[in-house]
Amino acid sequence: MTQDQSAIQDASSEASWISVSGLHKIYKTRAGGSTHALADINFKVRKGEFISIVGPSGCGKTTLLNVLAGLISKTEGSAQVAGQEVSKPLPEIGMVFQAPTLLPWRTILGNVMIPVEIQKRDKKQYKQIAMDLLKLVGLDGFEDKYPNELSGGMQQRAGICRALVHSPSVLLMDEPFGALDAMTREYMNLELLRIWKESNQTIALVTHSITEAVFLSDRVIVMSPRPGRIAEIISIDLPRPRTLDMLTSDAAGAYVQRIRHYFSSSNVIE
Amino acid sequence: MKEKLRNRPEIFLVPVVFIFVMWLWETLINRLEVKETILPTPSRIGEALIMQFQNAYFWQNAWVTTKEALYGFFFATLFAIIVGTFVSQIKIVEKTVMPYLVGFQAIPKVALAPIFIIWFGFGQTSKVVMAATIAFFPILINIIEGLKSADSDRIRMLRVFGATRYQIFRKVQVPSAMPFFFAGLDVGILLAILGAVVGEFLGSQEGLGNMVLVSQYNFETPTMFAILIVLSLMGIFAHIIVRAFQKKFAFWADNSHIVGT
């Protein structure tokens with residue numbers, strides 16, 4: 001292989017760091033029937049891109065994220081992350097959950113170190129990374145505290161550190177701020193953009209907040225239910241760095257309107 | 001001090017109730033001239049208790065019963081951990097073994113004591129077996145429930161990071177089981193003492209249960225009550241020790257929702 005060719009290949013894999021094509025997921029129900037949770041899903045995500053997946057409940061957005069996380073199997077088609085077909089959880093991936101899901105018997109540092117322990121990485125080396133991450137999210141000084149001593153927003157930030165500690169190139173987020181109050185949520189959105197800028201991850205975020213999706217993302221994947229498929233992929237051409245003021249701009253309003261249209265046309269109120 | 005009493009009136013009320021009941025008991029027995037062999041006064045029970053404390057023979061017997069209960073408790077816990085781990089981790093084992101365990105639990109275990117005496121003799125072994133048999137089930141059930149109680153979101157979180165089944169067991173299921181485990185131990189240690197005493201009732205040459213029988217034979221009712229108090233103190237002491245371990249090893253748990261069997 002010549003250098004040119006490998007450069008081209010690198011470029012092409014960076015252009016499709018996450019690559020989903022012809023993906024179907026069919027669940028067998030107990031009654032003997034089947035549910036078409038995902039139908040013919042196709043999209044690509046660039047390395048370092050921030051995408052959001054939105055849609056009314058039952059549209060399969062969480063299922064899609066679980067397939068990418070290697071937690072559930074595909075029925076048909078392909079899902080690749082960093083050039084690898086996802087058939088089990090990949091060390092390339094970090095995930096942030098709806099609830100912080102910290103283990104109450106571990107300190108904050110102990111919780112952040114979970115992926116390091118599981119993947120049997122060098123604890124000494126990664127402890128420094130964990131401490132740096134805690135500092136990055138403003139939790140320095142809390143490493144020896146237990147989760148129940150922290151507020152919900154702080155716990156979720158610790159959850160983000162845990163997802164990032166093993167330096168994954170892809171960060172999957174499953175409605176990470178859904179349980180937070182509006183103020184904390186806006187603050188966490190800004191924090192996330194800051195962390196993203198510093199760590200340069202590729203982020204796929206599932207959210208039920210349309211404004212959140214517009215505010216954070218380069219592109220928004222809008223899904224529709226029964227069967228779950230992609231209705232539209234919308235590029236959000238708002239300048240970066242983004243500020244909360246932009247949310248009230250006409251451009252942002254137009255994007256929100258356009259996405260909301262899909263929600264109302266599927267007769268689901270969220 | 002005043003502040004403390006207002007917030008926690010029980011500090012004051014508990015001893016007051018105790019003193020009142022003792023006074024009432026003492027007075028009624030004296031007034032009604034109840035025979036000491038039927039129901040002795042608290043002061044006579046106190047005297048009997050102090051007498052026993054000064055007696056080396058009593059301490060030997062107390063030690064025998066303590067030993068029987070502790071050995072029984074130890075074996076009950078050991079077997080409960082082994083059985084509980086297999087039952088909770090392997091579905092087919094659970095389905096196969098559970099009916100037998102439930103059937104076993106349905107036996108009134110005290111009724112097994114005569115059989116244990118035939119099998120293991122009048123010595124301490126039959127008492128240890130009795131204590132272990134009675135204490136086993138509540139500990140086992142709590143271990144099984146505890147290991148199965150692990151939050152599915154926490155398991156999912158570990159799986160995302162690539163955890164093996166063993167890692168999930170060790171890092172989530174075992175810690176999740178700890179509050180249940182200690183709740184089981186708390187009940188188990190009391191049942192182990194009960195088992196040892198019941199075993200002694202049915203045939204023994206030593207132990208506190210044996211002392212109760214001998215006192216009964218001699219119509220020494222105050223001594224019977226005194227030993228009853230000693231057995232209660234043993235139970236309370238054991239409970240406090242289990243609680244201390246629980247505070248250390250399951251400190252995160254709000255165990256108000258865990259039922260003690």
# chains A, B, ... in the order shown; residues from 1 in each chain; ligands from 1
call {"tool": "interface_residues", "arguments": {"of": "chain B", "to": "chain A", "cutoff": "8 Å", "atoms": "only C-alpha atoms", "output": "JSON list (two decimals) with N, CA, C and O atoms, in the first residue's frame"}}
result
[["chain", "number", "residue", "atom", "x", "y", "z"],
["B", 153, "ASP", "N", -29.54, -1.66, 35.79],
["B", 153, "ASP", "CA", -28.82, -0.55, 35.15],
["B", 153, "ASP", "C", -27.34, -0.60, 35.48],
["B", 153, "ASP", "O", -26.49, -0.26, 34.65],
["B", 154, "ARG", "N", -27.03, -1.00, 36.72],
["B", 154, "ARG", "CA", -25.62, -1.09, 37.10],
["B", 154, "ARG", "C", -24.94, -2.22, 36.34],
["B", 154, "ARG", "O", -23.79, -2.09, 35.91],
["B", 156, "ARG", "N", -25.84, -3.30, 33.41],
["B", 156, "ARG", "CA", -25.75, -2.83, 32.03],
["B", 156, "ARG", "C", -24.54, -1.90, 31.88],
["B", 156, "ARG", "O", -23.78, -1.98, 30.91],
["B", 157, "MET", "N", -24.35, -1.03, 32.89],
["B", 157, "MET", "CA", -23.21, -0.12, 32.87],
["B", 157, "MET", "C", -21.90, -0.90, 32.79],
["B", 157, "MET", "O", -21.04, -0.60, 31.97],
["B", 158, "LEU", "N", -21.77, -1.94, 33.62],
["B", 158, "LEU", "CA", -20.54, -2.73, 33.59],
["B", 158, "LEU", "C", -20.37, -3.43, 32.25],
["B", 158, "LEU", "O", -19.26, -3.54, 31.72],
["B", 159, "ARG", "N", -21.47, -3.91, 31.69],
["B", 159, "ARG", "CA", -21.38, -4.63, 30.41],
["B", 159, "ARG", "C", -20.88, -3.71, 29.30],
["B", 159, "ARG", "O", -20.11, -4.13, 28.44],
["B", 160, "VAL", "N", -21.36, -2.45, 29.32],
["B", 160, "VAL", "CA", -20.92, -1.52, 28.28],
["B", 160, "VAL", "C", -19.40, -1.39, 28.28],
["B", 160, "VAL", "O", -18.76, -1.27, 27.23],
["B", 161, "PHE", "N", -18.82, -1.43, 29.50],
["B", 161, "PHE", "CA", -17.37, -1.29, 29.57],
["B", 161, "PHE", "C", -16.66, -2.64, 29.38],
["B", 161, "PHE", "O", -15.45, -2.74, 29.57],
["B", 162, "GLY", "N", -17.43, -3.67, 29.01],
["B", 162, "GLY", "CA", -16.83, -4.95, 28.63],
["B", 162, "GLY", "C", -16.66, -5.94, 29.75],
["B", 162, "GLY", "O", -15.83, -6.86, 29.66],
["B", 163, "ALA", "N", -17.43, -5.81, 30.84],
["B", 163, "ALA", "CA", -17.24, -6.70, 31.99],
["B", 163, "ALA", "C", -17.62, -8.14, 31.66],
["B", 163, "ALA", "O", -18.58, -8.40, 30.95],
["B", 167, "GLN", "N", -16.75, -10.56, 36.60],
["B", 167, "GLN", "CA", -16.57, -9.17, 37.04],
["B", 167, "GLN", "C", -17.88, -8.56, 37.50],
["B", 167, "GLN", "O", -17.91, -7.82, 38.48],
["B", 172, "VAL", "N", -20.59, -5.93, 41.21],
["B", 172, "VAL", "CA", -21.94, -5.40, 41.46],
["B", 172, "VAL", "C", -22.79, -6.33, 42.32],
["B", 172, "VAL", "O", -23.36, -5.91, 43.32],
["B", 175, "PRO", "N", -21.41, -6.79, 46.19],
["B", 175, "PRO", "CA", -21.67, -5.62, 47.03],
["B", 175, "PRO", "C", -23.16, -5.34, 47.22],
["B", 175, "PRO", "O", -23.59, -4.98, 48.32],
["B", 250, "ALA", "N", -21.36, -2.53, 54.83],
["B", 250, "ALA", "CA", -22.51, -2.19, 53.98],
["B", 250, "ALA", "C", -22.98, -0.80, 54.35],
["B", 250, "ALA", "O", -24.16, -0.54, 54.52],
["B", 251, "PHE", "N", -22.02, 0.11, 54.47],
["B", 251, "PHE", "CA", -22.29, 1.44, 55.01],
["B", 251, "PHE", "C", -23.21, 2.27, 54.13],
["B", 251, "PHE", "O", -23.84, 3.19, 54.59],
["B", 252, "TRP", "N", -23.29, 1.93, 52.84],
["B", 252, "TRP", "CA", -24.06, 2.74, 51.90],
["B", 252, "TRP", "C", -25.54, 2.43, 51.96],
["B", 252, "TRP", "O", -26.35, 3.15, 51.41]]
call {"tool": "select_by_dssp", "arguments": {"residues": "range 20-170 of chain A", "states": "strand (DSSP E)", "output": "VMD selection string"}}
result
chain A and resid 20 to 28 34 to 45 50 to 54 76 to 81 84 to 85 93 to 96 170
call {"tool": "atom_distance", "arguments": {"atom1": "CA of Gln216 in chain B", "atom2": "CA of Phe120 in chain B"}}
result
25.5 Å
call {"tool": "residues_around", "arguments": {"residues": "Val206 in chain A", "least_positions_apart": "2", "cutoff": "9 Å", "atoms": "only C-alpha atoms", "output": "PyMOL selection string"}}
result
chain A and resi 51-55+61-62+65+172-176+204+208+213
call {"tool": "write_last_selection", "arguments": {"atoms": "C-alpha atoms", "output": "JSON list (two decimals), in the first residue's frame"}}
result
[["chain", "number", "residue", "atom", "x", "y", "z"],
["A", 51, "ILE", "CA", -24.78, 14.19, 16.53],
["A", 52, "SER", "CA", -28.06, 13.88, 18.36],
["A", 53, "ILE", "CA", -30.80, 11.35, 17.86],
["A", 54, "VAL", "CA", -34.31, 12.58, 18.61],
["A", 55, "GLY", "CA", -37.78, 11.22, 18.05],
["A", 61, "LYS", "CA", -33.55, 5.78, 19.45],
["A", 62, "THR", "CA", -32.40, 4.03, 22.58],
["A", 65, "LEU", "CA", -27.74, 3.47, 20.85],
["A", 172, "LEU", "CA", -22.61, 7.45, 23.50],
["A", 173, "MET", "CA", -25.08, 9.33, 25.68],
["A", 174, "ASP", "CA", -28.53, 8.03, 26.53],
["A", 175, "GLU", "CA", -30.68, 10.98, 27.66],
["A", 176, "PRO", "CA", -27.96, 11.92, 30.13],
["A", 204, "ALA", "CA", -23.88, 10.43, 19.68],
["A", 208, "HIS", "CA", -36.04, 13.86, 24.04],
["A", 213, "ALA", "CA", -30.35, 18.53, 20.29]]
call {"tool": "select_by_dssp", "arguments": {"residues": "range 159-244 of chain B", "states": "alpha helix (DSSP H)", "output": "number ranges by chain"}}
result
B: 159-160, 165-168, 174-201, 208-217, 221-244
call {"tool": "residues_around", "arguments": {"residues": "Ala80 in chain B", "least_positions_apart": "5", "cutoff": "9 Å", "atoms": "only C-alpha atoms", "output": "list in words"}}
result
Phe75, Thr85, Phe136, Phe137, Pro138, Ile139, Leu140, Ile141, Ile143 and Ile144 of chain B
call {"tool": "atom_distance", "arguments": {"atom1": "CA of Leu70 in chain B", "atom2": "CA of Val110 in chain B"}}
result
18.0 Å
call {"tool": "residues_around", "arguments": {"residues": "Gly72 in chain B", "least_positions_apart": "4", "cutoff": "7 Å", "atoms": "only C-alpha atoms", "output": "list in words"}}
result
Glu68, Ala76, Val128, Val129, Ala131, Ala132 and Ala192 of chain B
call {"tool": "atom_distance", "arguments": {"atom1": "CA of Arg242 in chain A", "atom2": "CA of Ile195 in chain A"}}
result
13.3 Å
call {"tool": "closest_atom_pairs", "arguments": {"of": "range 100-207 of chain B", "to": "range 54-62 of chain B", "cutoff": "10 Å", "atoms": "only C-alpha atoms", "output": "JSON lines"}}
result
{"residue": "B:Gln205", "atom": "CA", "partner": "B:Asn61", "partner_atom": "CA", "distance": 9.6}
{"residue": "B:Glu206", "atom": "CA", "partner": "B:Asn61", "partner_atom": "CA", "distance": 5.8}
{"residue": "B:Gly207", "atom": "CA", "partner": "B:Asn61", "partner_atom": "CA", "distance": 4.1}
call {"tool": "write_last_selection", "arguments": {"atoms": "N, CA, C and O atoms", "output": "PDB file, in the first residue's frame"}}
result
ATOM      1  N   GLN B 205     -25.552 -32.634  78.917  1.00  0.00           N
ATOM      2  CA  GLN B 205     -24.982 -32.632  80.261  1.00  0.00           C
ATOM      3  C   GLN B 205     -24.473 -31.252  80.649  1.00  0.00           C
ATOM      4  O   GLN B 205     -24.038 -31.028  81.749  1.00  0.00           O
ATOM      5  N   GLU B 206     -24.477 -30.314  79.683  1.00  0.00           N
ATOM      6  CA  GLU B 206     -23.920 -28.987  79.983  1.00  0.00           C
ATOM      7  C   GLU B 206     -24.600 -27.932  79.113  1.00  0.00           C
ATOM      8  O   GLU B 206     -25.395 -28.262  78.240  1.00  0.00           O
ATOM      9  N   GLY B 207     -24.277 -26.689  79.358  1.00  0.00           N
ATOM     10  CA  GLY B 207     -24.851 -25.588  78.598  1.00  0.00           C
ATOM     11  C   GLY B 207     -25.937 -24.877  79.383  1.00  0.00           C
ATOM     12  O   GLY B 207     -26.457 -25.393  80.364  1.00  0.00           O
TER      13      GLY B 207
END
call {"tool": "residues_around", "arguments": {"residues": "Val20 in chain A", "least_positions_apart": "3", "cutoff": "10 Å", "atoms": "only C-alpha atoms", "output": "MDAnalysis selection string"}}
result
chainID A and resid 16:17 23 40:45 64 68 77:81 85
call {"tool": "closest_residue", "arguments": {"among": "A:Met188, A:Val86, A:Leu38, A:Leu171", "to": "Arg157 in chain A", "atoms": "only C-alpha atoms"}}
result
A:Met188
